[in-house]
$ cat coords-v3.cif   # mmCIF, C-alpha atoms
data_structure
#
loop_
_atom_site.group_PDB
_atom_site.id
_atom_site.type_symbol
_atom_site.label_atom_id
_atom_site.label_comp_id
_atom_site.auth_asym_id
_atom_site.auth_seq_id
_atom_site.Cartn_x
_atom_site.Cartn_y
_atom_site.Cartn_z
ATOM 1 C CA MET K 24 19.668 -2.460 -33.598
ATOM 2 C CA ILE K 25 18.485 -0.645 -36.725
ATOM 3 C CA ASN K 26 19.501 3.015 -37.014
ATOM 4 C CA GLY K 27 17.146 5.930 -37.478
ATOM 5 C CA SER K 28 17.973 6.562 -41.124
ATOM 6 C CA THR K 29 17.387 2.954 -42.207
ATOM 7 C CA TRP K 30 14.170 2.653 -40.206
ATOM 8 C CA SER K 31 12.854 5.892 -41.672
ATOM 9 C CA GLN K 32 13.787 4.932 -45.242
ATOM 10 C CA ASN K 33 12.055 1.541 -44.959
ATOM 11 C CA LEU K 34 8.815 3.102 -43.740
ATOM 12 C CA ARG K 35 8.960 5.956 -46.241
ATOM 13 C CA ALA K 36 9.439 3.511 -49.113
ATOM 14 C CA GLU K 37 6.230 1.678 -48.207
ATOM 15 C CA ILE K 38 4.211 4.825 -47.502
ATOM 16 C CA GLY K 39 5.451 6.272 -50.808
ATOM 17 C CA LYS K 40 3.641 3.507 -52.679
ATOM 18 C CA ALA K 41 0.342 5.151 -51.701
ATOM 19 C CA VAL K 42 1.223 8.768 -50.831
ATOM 20 C CA ILE K 43 3.253 11.146 -52.984
ATOM 21 C CA GLY K 44 5.077 13.999 -51.262
ATOM 22 C CA GLN K 45 4.315 15.219 -47.727
ATOM 23 C CA ASP K 46 7.884 14.370 -46.680
ATOM 24 C CA ALA K 47 7.948 16.850 -43.793
ATOM 25 C CA VAL K 48 4.635 15.554 -42.420
ATOM 26 C CA ILE K 49 5.803 11.941 -42.661
ATOM 27 C CA GLU K 50 8.967 12.777 -40.734
ATOM 28 C CA ARG K 51 6.891 14.387 -37.983
ATOM 29 C CA LEU K 52 4.629 11.328 -37.795
ATOM 30 C CA LEU K 53 7.687 9.112 -37.329
ATOM 31 C CA VAL K 54 8.981 11.466 -34.640
ATOM 32 C CA ALA K 55 5.629 11.219 -32.856
ATOM 33 C CA LEU K 56 5.803 7.416 -32.950
ATOM 34 C CA LEU K 57 9.265 7.478 -31.393
ATOM 35 C CA ALA K 58 8.232 10.074 -28.802
ATOM 36 C CA ASN K 59 5.056 8.167 -27.859
ATOM 37 C CA GLY K 60 2.827 11.096 -28.771
ATOM 38 C CA HIS K 61 -0.494 11.686 -30.503
ATOM 39 C CA VAL K 62 -0.874 13.847 -33.622
ATOM 40 C CA LEU K 63 -3.539 16.218 -34.903
ATOM 41 C CA LEU K 64 -3.445 16.834 -38.668
ATOM 42 C CA GLU K 65 -5.257 19.855 -40.059
ATOM 43 C CA GLY K 66 -5.731 20.532 -43.737
ATOM 44 C CA MET K 67 -8.171 20.980 -46.573
ATOM 45 C CA PRO K 68 -10.118 17.979 -47.928
ATOM 46 C CA GLY K 69 -8.357 15.842 -50.510
ATOM 47 C CA LEU K 70 -4.803 16.190 -49.166
ATOM 48 C CA ALA K 71 -4.495 12.460 -48.311
ATOM 49 C CA LYS K 72 -4.497 12.929 -44.524
ATOM 50 C CA THR K 73 -6.553 9.785 -43.950
ATOM 51 C CA LEU K 74 -4.628 7.793 -46.574
ATOM 52 C CA LEU K 75 -1.329 8.869 -45.033
ATOM 53 C CA ILE K 76 -2.233 7.651 -41.546
ATOM 54 C CA LYS K 77 -3.719 4.410 -42.861
ATOM 55 C CA SER K 78 -0.584 3.774 -44.932
ATOM 56 C CA LEU K 79 1.573 4.486 -41.886
ATOM 57 C CA GLY K 80 -0.335 1.883 -39.867
ATOM 58 C CA THR K 81 0.133 -0.726 -42.588
ATOM 59 C CA ALA K 82 3.835 0.051 -43.055
ATOM 60 C CA LEU K 83 4.380 -0.030 -39.309
ATOM 61 C CA GLY K 84 2.790 -3.481 -39.083
ATOM 62 C CA VAL K 85 0.441 -2.666 -36.196
ATOM 63 C CA GLN K 86 -3.281 -3.070 -35.613
ATOM 64 C CA PHE K 87 -5.074 -0.128 -37.231
ATOM 65 C CA GLU K 88 -8.625 1.112 -36.636
ATOM 66 C CA ARG K 89 -10.458 4.039 -38.187
ATOM 67 C CA ILE K 90 -13.255 5.890 -36.374
ATOM 68 C CA GLN K 91 -15.298 8.244 -38.547
ATOM 69 C CA PHE K 92 -16.487 10.969 -36.199
ATOM 70 C CA THR K 93 -20.050 12.213 -36.802
ATOM 71 C CA PRO K 94 -22.478 14.344 -34.771
ATOM 72 C CA ASP K 95 -24.514 11.271 -33.763
ATOM 73 C CA LEU K 96 -21.507 9.240 -32.548
ATOM 74 C CA LEU K 97 -21.726 7.985 -28.939
ATOM 75 C CA PRO K 98 -18.878 7.408 -26.456
ATOM 76 C CA SER K 99 -19.719 3.700 -26.446
ATOM 77 C CA ASP K 100 -19.072 3.639 -30.205
ATOM 78 C CA VAL K 101 -15.468 4.574 -29.424
ATOM 79 C CA VAL K 102 -14.494 2.829 -26.170
ATOM 80 C CA GLY K 103 -17.064 0.014 -26.076
ATOM 81 C CA THR K 104 -19.931 -0.948 -23.784
ATOM 82 C CA MET K 105 -21.340 -3.727 -21.625
ATOM 83 C CA ILE K 106 -23.277 -6.440 -23.509
ATOM 84 C CA PHE K 107 -25.788 -8.775 -21.841
ATOM 85 C CA GLN K 108 -25.157 -12.472 -22.503
ATOM 86 C CA PRO K 109 -28.481 -14.427 -22.339
ATOM 87 C CA LYS K 110 -26.726 -17.789 -21.932
ATOM 88 C CA THR K 111 -24.880 -16.767 -18.783
ATOM 89 C CA GLY K 112 -27.140 -13.976 -17.555
ATOM 90 C CA GLU K 113 -24.107 -11.715 -17.158
ATOM 91 C CA PHE K 114 -22.822 -8.514 -18.710
ATOM 92 C CA THR K 115 -19.490 -8.686 -20.514
ATOM 93 C CA ALA K 116 -17.347 -5.881 -21.891
ATOM 94 C CA HIS K 117 -17.505 -5.351 -25.644
ATOM 95 C CA ARG K 118 -14.352 -3.492 -26.676
ATOM 96 C CA GLY K 119 -14.640 -0.636 -29.125
ATOM 97 C CA PRO K 120 -12.291 0.367 -31.956
ATOM 98 C CA ILE K 121 -10.112 2.316 -29.504
ATOM 99 C CA PHE K 122 -8.456 -1.025 -28.677
ATOM 100 C CA ALA K 123 -5.863 -0.825 -31.439
ATOM 101 C CA ASN K 124 -2.248 0.262 -31.750
ATOM 102 C CA LEU K 125 -2.956 3.099 -34.167
ATOM 103 C CA VAL K 126 -6.367 4.770 -34.074
ATOM 104 C CA LEU K 127 -7.404 7.230 -36.777
ATOM 105 C CA ALA K 128 -9.955 9.709 -35.434
ATOM 106 C CA ASP K 129 -11.184 11.000 -38.771
ATOM 107 C CA GLU K 130 -12.724 14.503 -38.712
ATOM 108 C CA ILE K 131 -12.509 14.554 -34.940
ATOM 109 C CA ASN K 132 -14.161 17.963 -34.674
ATOM 110 C CA ARG K 133 -17.444 16.599 -36.058
ATOM 111 C CA ALA K 134 -18.283 14.748 -32.828
ATOM 112 C CA PRO K 135 -19.836 16.445 -29.768
ATOM 113 C CA ALA K 136 -17.921 17.083 -26.551
ATOM 114 C CA LYS K 137 -19.083 13.895 -24.799
ATOM 115 C CA VAL K 138 -17.451 11.782 -27.525
ATOM 116 C CA GLN K 139 -14.302 13.892 -27.641
ATOM 117 C CA SER K 140 -13.984 13.580 -23.867
ATOM 118 C CA ALA K 141 -14.168 9.797 -24.190
ATOM 119 C CA LEU K 142 -10.740 10.000 -25.819
ATOM 120 C CA LEU K 143 -9.160 11.949 -22.955
ATOM 121 C CA GLU K 144 -8.529 8.975 -20.660
ATOM 122 C CA ALA K 145 -7.319 6.872 -23.576
ATOM 123 C CA MET K 146 -4.896 9.521 -24.840
ATOM 124 C CA GLN K 147 -3.433 10.414 -21.469
ATOM 125 C CA GLU K 148 -3.580 7.207 -19.442
ATOM 126 C CA ARG K 149 -3.526 4.622 -22.254
ATOM 127 C CA GLN K 150 -6.544 2.974 -20.670
ATOM 128 C CA VAL K 151 -10.353 3.142 -20.818
ATOM 129 C CA THR K 152 -13.102 2.360 -18.343
ATOM 130 C CA ILE K 153 -16.046 0.195 -19.396
ATOM 131 C CA GLY K 154 -18.736 -0.647 -16.857
ATOM 132 C CA GLY K 155 -16.585 0.483 -13.944
ATOM 133 C CA THR K 156 -13.650 -1.736 -14.983
ATOM 134 C CA THR K 157 -10.402 -0.293 -16.286
ATOM 135 C CA HIS K 158 -8.944 -1.911 -19.399
ATOM 136 C CA PRO K 159 -5.382 -1.153 -20.546
ATOM 137 C CA LEU K 160 -4.910 -0.313 -24.206
ATOM 138 C CA PRO K 161 -2.433 -2.171 -26.441
ATOM 139 C CA LYS K 162 1.202 -1.114 -26.587
ATOM 140 C CA PRO K 163 2.155 0.913 -28.506
ATOM 141 C CA PHE K 164 -0.944 3.123 -28.678
ATOM 142 C CA PHE K 165 -1.414 6.291 -30.730
ATOM 143 C CA VAL K 166 -4.301 8.530 -31.695
ATOM 144 C CA MET K 167 -3.869 10.369 -34.974
ATOM 145 C CA ALA K 168 -6.746 12.729 -35.683
ATOM 146 C CA THR K 169 -7.703 14.816 -38.698
ATOM 147 C CA GLN K 170 -9.821 17.928 -38.963
ATOM 148 C CA ASN K 171 -10.956 20.373 -41.625
ATOM 149 C CA PRO K 172 -9.980 23.990 -40.792
ATOM 150 C CA VAL K 173 -12.636 25.726 -42.906
ATOM 151 C CA GLU K 174 -15.938 23.904 -42.413
ATOM 152 C CA GLN K 175 -17.911 25.224 -39.448
ATOM 153 C CA GLU K 176 -21.374 23.706 -39.897
ATOM 154 C CA GLY K 177 -21.835 20.549 -37.865
ATOM 155 C CA THR K 178 -18.465 20.839 -36.133
ATOM 156 C CA TYR K 179 -17.482 21.223 -32.492
ATOM 157 C CA PRO K 180 -14.217 22.947 -31.504
ATOM 158 C CA LEU K 181 -11.884 20.670 -29.569
ATOM 159 C CA PRO K 182 -11.534 21.634 -25.889
ATOM 160 C CA GLU K 183 -8.126 22.955 -24.851
ATOM 161 C CA ALA K 184 -7.694 20.035 -22.436
ATOM 162 C CA GLN K 185 -7.857 17.590 -25.337
ATOM 163 C CA VAL K 186 -5.849 19.642 -27.830
ATOM 164 C CA ASP K 187 -3.049 19.898 -25.256
ATOM 165 C CA ARG K 188 -2.734 16.118 -25.253
ATOM 166 C CA PHE K 189 -1.583 16.046 -28.865
ATOM 167 C CA LEU K 190 2.192 16.072 -29.190
ATOM 168 C CA PHE K 191 2.000 17.783 -32.595
ATOM 169 C CA LYS K 192 -0.489 19.795 -34.567
ATOM 170 C CA LEU K 193 0.601 19.415 -38.174
ATOM 171 C CA LEU K 194 -0.618 21.675 -40.977
ATOM 172 C CA VAL K 195 -0.973 19.673 -44.196
ATOM 173 C CA ASP K 196 -0.531 21.872 -47.265
ATOM 174 C CA TYR K 197 -1.196 21.366 -50.961
ATOM 175 C CA PRO K 198 1.391 19.393 -52.961
ATOM 176 C CA ASP K 199 3.628 21.279 -55.349
ATOM 177 C CA ALA K 200 3.070 21.181 -59.128
ATOM 178 C CA ASP K 201 5.514 18.331 -59.798
ATOM 179 C CA GLU K 202 4.009 16.143 -57.068
ATOM 180 C CA GLU K 203 0.468 16.792 -58.274
ATOM 181 C CA ALA K 204 1.476 15.976 -61.837
ATOM 182 C CA LEU K 205 3.038 12.729 -60.626
ATOM 183 C CA MET K 206 -0.215 11.876 -58.838
ATOM 184 C CA MET K 207 -2.148 12.187 -62.073
ATOM 185 C CA GLU K 208 0.422 10.156 -63.952
ATOM 186 C CA ARG K 209 0.565 7.379 -61.374
ATOM 187 C CA TRP K 210 -3.047 7.163 -60.200
ATOM 188 C CA GLY K 211 -5.030 8.594 -63.100
ATOM 189 C CA GLN K 212 -5.654 5.165 -64.625
ATOM 190 C CA VAL K 213 -5.125 2.961 -61.590
ATOM 191 C CA THR K 214 -8.093 0.787 -60.719
ATOM 192 C CA LYS K 215 -6.442 -1.212 -57.937
ATOM 193 C CA ALA K 216 -5.084 0.263 -54.730
ATOM 194 C CA PRO K 217 -1.367 -0.345 -54.090
ATOM 195 C CA GLU K 218 -0.527 -3.148 -51.671
ATOM 196 C CA LEU K 219 1.720 -2.074 -48.803
ATOM 197 C CA GLN K 220 3.867 -4.416 -46.739
ATOM 198 C CA ALA K 221 4.868 -4.145 -43.102
ATOM 199 C CA ALA K 222 8.360 -2.652 -42.806
ATOM 200 C CA SER K 223 8.471 -2.609 -39.006
ATOM 201 C CA SER K 224 6.474 -3.795 -35.996
ATOM 202 C CA GLY K 225 5.095 -2.569 -32.721
ATOM 203 C CA ALA K 226 7.710 -4.556 -30.823
ATOM 204 C CA GLU K 227 10.499 -2.972 -32.864
ATOM 205 C CA LEU K 228 9.085 0.493 -32.228
ATOM 206 C CA LEU K 229 9.063 -0.097 -28.464
ATOM 207 C CA GLU K 230 12.681 -1.255 -28.708
ATOM 208 C CA LEU K 231 13.708 1.794 -30.740
ATOM 209 C CA ARG K 232 12.393 4.078 -28.011
ATOM 210 C CA ASN K 233 15.176 2.796 -25.782
ATOM 211 C CA ALA K 234 17.670 4.146 -28.318
ATOM 212 C CA VAL K 235 15.856 7.504 -28.392
ATOM 213 C CA ASP K 236 16.158 7.672 -24.594
ATOM 214 C CA GLN K 237 19.952 7.563 -24.965
ATOM 215 C CA VAL K 238 20.048 10.833 -26.958
ATOM 216 C CA HIS K 239 21.717 13.468 -24.785
ATOM 217 C CA VAL K 240 20.033 16.765 -23.913
ATOM 218 C CA SER K 241 22.459 19.183 -22.294
ATOM 219 C CA PRO K 242 21.418 21.491 -19.436
ATOM 220 C CA ALA K 243 21.875 24.453 -21.793
ATOM 221 C CA VAL K 244 19.379 23.017 -24.291
ATOM 222 C CA GLN K 245 16.970 22.132 -21.501
ATOM 223 C CA GLY K 246 17.167 25.758 -20.398
ATOM 224 C CA TYR K 247 16.503 26.855 -23.979
ATOM 225 C CA ILE K 248 13.359 24.697 -24.111
ATOM 226 C CA LEU K 249 12.116 26.255 -20.886
ATOM 227 C CA ALA K 250 12.897 29.748 -22.178
ATOM 228 C CA LEU K 251 10.743 29.183 -25.268
ATOM 229 C CA VAL K 252 7.799 27.743 -23.356
ATOM 230 C CA ARG K 253 7.899 30.284 -20.540
ATOM 231 C CA GLY K 254 8.432 33.035 -23.090
ATOM 232 C CA SER K 255 5.034 32.213 -24.603
ATOM 233 C CA ARG K 256 3.447 32.771 -21.198
ATOM 234 C CA ALA K 257 5.108 36.167 -20.936
ATOM 235 C CA LEU K 258 3.149 37.222 -24.038
ATOM 236 C CA THR K 259 -0.083 36.997 -22.019
ATOM 237 C CA VAL K 260 0.923 40.030 -19.909
ATOM 238 C CA PRO K 261 -0.611 43.297 -21.237
ATOM 239 C CA ASP K 262 1.754 46.131 -22.103
ATOM 240 C CA ALA K 263 1.342 49.762 -21.031
ATOM 241 C CA LYS K 264 -1.475 50.194 -23.558
ATOM 242 C CA GLY K 265 -3.241 47.032 -22.385
ATOM 243 C CA TYR K 266 -2.345 45.121 -25.574
ATOM 244 C CA HIS K 267 -1.208 41.506 -25.407
ATOM 245 C CA LEU K 268 -0.837 38.835 -28.066
ATOM 246 C CA LEU K 269 -1.871 35.675 -26.220
ATOM 247 C CA SER K 270 -4.751 34.887 -23.897
ATOM 248 C CA PHE K 271 -2.816 31.880 -22.600
ATOM 249 C CA GLY K 272 0.646 30.457 -23.146
ATOM 250 C CA ALA K 273 1.974 26.941 -23.565
ATOM 251 C CA SER K 274 1.467 24.467 -20.712
ATOM 252 C CA PRO K 275 4.168 22.345 -19.059
ATOM 253 C CA ARG K 276 3.200 19.603 -21.519
ATOM 254 C CA ALA K 277 4.859 21.768 -24.172
ATOM 255 C CA SER K 278 8.182 21.565 -22.318
ATOM 256 C CA LEU K 279 7.926 17.782 -22.123
ATOM 257 C CA ALA K 280 6.833 17.563 -25.764
ATOM 258 C CA LEU K 281 9.747 19.712 -26.979
ATOM 259 C CA TYR K 282 12.154 17.601 -24.950
ATOM 260 C CA GLN K 283 10.799 14.282 -26.225
ATOM 261 C CA ALA K 284 10.248 15.334 -29.834
ATOM 262 C CA SER K 285 13.675 16.939 -30.265
ATOM 263 C CA ARG K 286 15.354 13.779 -28.959
ATOM 264 C CA ALA K 287 13.327 11.609 -31.338
ATOM 265 C CA LEU K 288 14.147 13.913 -34.264
ATOM 266 C CA ALA K 289 17.851 13.836 -33.356
ATOM 267 C CA TRP K 290 17.872 10.009 -33.352
ATOM 268 C CA LEU K 291 15.937 9.885 -36.610
ATOM 269 C CA ARG K 292 18.563 12.096 -38.256
ATOM 270 C CA GLY K 293 21.487 10.134 -36.856
ATOM 271 C CA GLU K 294 22.495 12.552 -34.098
ATOM 272 C CA ASP K 295 23.378 11.500 -30.550
ATOM 273 C CA PHE K 296 22.598 14.862 -28.927
ATOM 274 C CA VAL K 297 19.950 17.567 -29.219
ATOM 275 C CA SER K 298 20.975 20.918 -30.661
ATOM 276 C CA PRO K 299 19.005 24.195 -30.401
ATOM 277 C CA ALA K 300 18.345 23.938 -34.156
ATOM 278 C CA LEU K 301 16.445 20.678 -33.625
ATOM 279 C CA VAL K 302 14.376 22.292 -30.876
ATOM 280 C CA GLN K 303 13.540 25.160 -33.229
ATOM 281 C CA ASP K 304 12.659 22.636 -35.945
ATOM 282 C CA VAL K 305 9.820 21.104 -33.904
ATOM 283 C CA ALA K 306 8.819 24.177 -31.880
ATOM 284 C CA HIS K 307 5.989 25.312 -34.154
ATOM 285 C CA ASP K 308 4.427 21.848 -34.398
ATOM 286 C CA VAL K 309 4.616 21.402 -30.624
ATOM 287 C CA MET K 310 3.362 24.826 -29.570
ATOM 288 C CA ARG K 311 0.987 26.199 -32.232
ATOM 289 C CA HIS K 312 -2.020 24.453 -30.664
ATOM 290 C CA ARG K 313 -0.980 25.222 -27.101
ATOM 291 C CA VAL K 314 -1.292 29.015 -27.265
ATOM 292 C CA GLY K 315 -4.445 31.102 -27.534
ATOM 293 C CA LEU K 316 -4.650 34.310 -29.551
ATOM 294 C CA THR K 317 -6.376 37.364 -28.115
ATOM 295 C CA TYR K 318 -9.065 39.171 -30.071
ATOM 296 C CA GLU K 319 -6.642 42.029 -30.695
ATOM 297 C CA ALA K 320 -4.046 39.651 -32.137
ATOM 298 C CA GLU K 321 -6.586 38.049 -34.469
ATOM 299 C CA ALA K 322 -7.786 41.488 -35.586
ATOM 300 C CA ALA K 323 -4.144 42.353 -36.386
ATOM 301 C CA GLU K 324 -3.997 39.193 -38.567
ATOM 302 C CA GLN K 325 -1.538 37.497 -36.260
ATOM 303 C CA THR K 326 -1.273 33.692 -36.248
ATOM 304 C CA PRO K 327 0.280 31.306 -33.729
ATOM 305 C CA ASP K 328 3.081 30.556 -36.199
ATOM 306 C CA LYS K 329 3.917 34.248 -36.663
ATOM 307 C CA ILE K 330 3.997 34.841 -32.917
ATOM 308 C CA LEU K 331 6.099 31.734 -32.297
ATOM 309 C CA ALA K 332 8.533 32.768 -35.037
ATOM 310 C CA GLU K 333 9.032 36.118 -33.305
ATOM 311 C CA LEU K 334 9.449 34.369 -29.963
ATOM 312 C CA ILE K 335 12.116 32.013 -31.364
ATOM 313 C CA ALA K 336 13.915 34.928 -33.038
ATOM 314 C CA LYS K 337 14.231 36.935 -29.825
ATOM 315 C CA THR K 338 15.034 34.062 -27.454
ATOM 316 C CA PRO K 339 18.822 33.775 -26.899
ATOM 317 C CA VAL K 340 20.241 30.573 -28.371
ATOM 318 C CA PRO K 341 22.773 28.723 -26.195
ATOM 319 C CA SER K 342 26.088 27.583 -27.630
ATOM 320 C CA VAL K 343 26.552 23.803 -27.444
#

$ encode --input "coords-v3.cif" --output "structure tokens"
Amino acid sequence: MINGSTWSQNLRAEIGKAVIGQDAVIERLLVALLANGHVLLEGMPGLAKTLLIKSLGTALGVQFERIQFTPDLLPSDVVGTMIFQPKTGEFTAHRGPIFANLVLADEINRAPAKVQSALLEAMQERQVTIGGTTHPLPKPFFVMATQNPVEQEGTYPLPEAQVDRFLFKLLVDYPDADEEALMMERWGQVTKAPELQAASSGAELLELRNAVDQVHVSPAVQGYILALVRGSRALTVPDAKGYHLLSFGASPRASLALYQASRALAWLRGEDFVSPALVQDVAHDVMRHRVGLTYEAEAAEQTPDKILAELIAKTPVPSV
């Protein structure tokens, strides 16, 4: 069986034909694939979020579908609907673009709540219901969504119930000067898009998950994961002055996500056990979208990442 380093290098080599930089984000996307989790990418326009996910689908060798979310999108545009067949006089299920291995929900916050809720069953249960009949989705199945953090007009905030179903919320930042210069040099005069080849497959990914399941997580590290998650809930309790940082803490899904993601990251880096450092490495991406800031915290210019950094700093680290 292929090891984590080789698998990662093969996929990165193909993705690198189309996307320059974003190494940390690419690693997190690979971790999400191995951990069977969905990803929400947030960043300014023009940072290649859509191109990155599309390139990942091609390099992975799976069926890829893109759904451009707009205010007039309907749930049936995502999951499908029943179509009347005049020849037979019967209704048959027409499957929507959700029936793919990797689904890109582009600008997911531009669709109203009824469309966003159509994704809930698919993301959690890996199935959808059309005309009263349940249809399983292909294996593997992932939703990778993008959103713009600054535009407010014509957008709808994602409900907490849906945000909680994303394994990671990744913040995509601007490339550095060298990477941006390389972009101009490589793509400034290119008229033809690069052709990517499949470097893996859905079947191989499902097989690799068995190797990830063999990564050991000691009781001490499991306790550390619980301490971080439960510590976020402790920040919802007001102090003597009535001040508290969070309106709600991380849900039990955060514990499961930290457990799964840290194991996948360990395997990807060639480790056979999870260390506290690996848990800390993925903690922000797992928990930043699972905590809610109070008005007082926002007024004090606090952010989820700042609060989580303080939480990690004060939580005792076990020796393993």

$ axis_aligned_box --input "coords-v3.cif" --around "range 148-158 of chain K" --padding-each-side "4 Å" --output "JSON"
{"center_x": -11.1, "center_y": 2.6, "center_z": -18.1, "size_x": 23.2, "size_y": 17.1, "size_z": 16.3}

$ residues_around --input "coords-v3.cif" --residues "Ile49 in chain K" --least-positions-apart "5" --cutoff "10 Å" --atoms "only C-alpha atoms" --output "number ranges by chain"
K: 31, 34-35, 38-39, 42, 44, 54-55, 75-76, 79

$ resolve_selection --input "coords-v3.cif" --expression "the PyMOL selection byres ((chain K and resi 148) around 12)" --output "list in words"
Gly60, Ala141, Leu142, Leu143, Glu144, Ala145, Met146, Gln147, Arg149, Gln150, Val151, Thr152, Thr157, His158, Pro159, Leu160, Pro161, Lys162, Phe164, Phe165 and Arg188 of chain K

$ residues_around --input "coords-v3.cif" --residues "Pro172 in chain K" --least-positions-apart "6" --cutoff "9 Å" --atoms "only C-alpha atoms" --output "list in words"
Glu65, Gly66 and Met67 of chain K

$ atom_distance --input "coords-v3.cif" --atom1 "CA of Asn26 in chain K" --atom2 "CA of Leu219 in chain K"
21.9 Å

$ atom_distance --input "coords-v3.cif" --atom1 "CA of Asp236 in chain K" --atom2 "CA of Arg292 in chain K"
14.6 Å

$ resolve_selection --input "coords-v3.cif" --expression "the PyMOL selection byres ((chain K and resi 87-98) around 8)" --output "PyMOL selection string"
chain K and resi 77+80-81+85-86+99-103+120-121+123-135+137-138+141+177-178

$ resolve_selection --input "coords-v3.cif" --expression "the PyMOL selection byres ((chain K and resi 231) around 10)" --output "list in words"
Met24, Ile25, Asn26, Gly27, Trp30, Leu56, Leu57, Gly225, Ala226, Glu227, Leu228, Leu229, Glu230, Arg232, Asn233, Ala234, Val235, Asp236, Ala287 and Trp290 of chain K

$ atom_distance --input "coords-v3.cif" --atom1 "CA of Pro341 in chain K" --atom2 "CA of Phe296 in chain K"
14.1 Å

$ residues_around --input "coords-v3.cif" --residues "range 305-322 of chain K" --least-positions-apart "3" --cutoff "7 Å" --atoms "only C-alpha atoms" --output "CSV table (one decimal) with C-alpha atoms, keeping the file's coordinate frame"
chain,number,residue,atom,x,y,z
K,186,VAL,CA,-5.8,19.6,-27.8
K,187,ASP,CA,-3.0,19.9,-25.3
K,190,LEU,CA,2.2,16.1,-29.2
K,191,PHE,CA,2.0,17.8,-32.6
K,192,LYS,CA,-0.5,19.8,-34.6
K,193,LEU,CA,0.6,19.4,-38.2
K,268,LEU,CA,-0.8,38.8,-28.1
K,269,LEU,CA,-1.9,35.7,-26.2
K,270,SER,CA,-4.8,34.9,-23.9
K,271,PHE,CA,-2.8,31.9,-22.6
K,272,GLY,CA,0.6,30.5,-23.1
K,273,ALA,CA,2.0,26.9,-23.6
K,274,SER,CA,1.5,24.5,-20.7
K,277,ALA,CA,4.9,21.8,-24.2
K,280,ALA,CA,6.8,17.6,-25.8
K,281,LEU,CA,9.7,19.7,-27.0
K,285,SER,CA,13.7,16.9,-30.3
K,301,LEU,CA,16.4,20.7,-33.6
K,302,VAL,CA,14.4,22.3,-30.9
K,325,GLN,CA,-1.5,37.5,-36.3
K,327,PRO,CA,0.3,31.3,-33.7
K,328,ASP,CA,3.1,30.6,-36.2
K,331,LEU,CA,6.1,31.7,-32.3

$ closest_residue --input "coords-v3.cif" --among "K:Gly84, K:Pro182, K:Gly69, K:Gly154" --to "Thr104 in chain K" --atoms "only C-alpha atoms"
K:Gly154

$ closest_residue --input "coords-v3.cif" --among "K:Leu291, K:Glu208, K:Thr156, K:Ala184" --to "Ala58 in chain K" --atoms "all atoms listed in the file"
K:Leu291

$ closest_residue --input "coords-v3.cif" --among "K:Gln245, K:Thr73, K:Gln32, K:Thr259" --to "Arg286 in chain K" --atoms "all atoms listed in the file"
K:Gln245
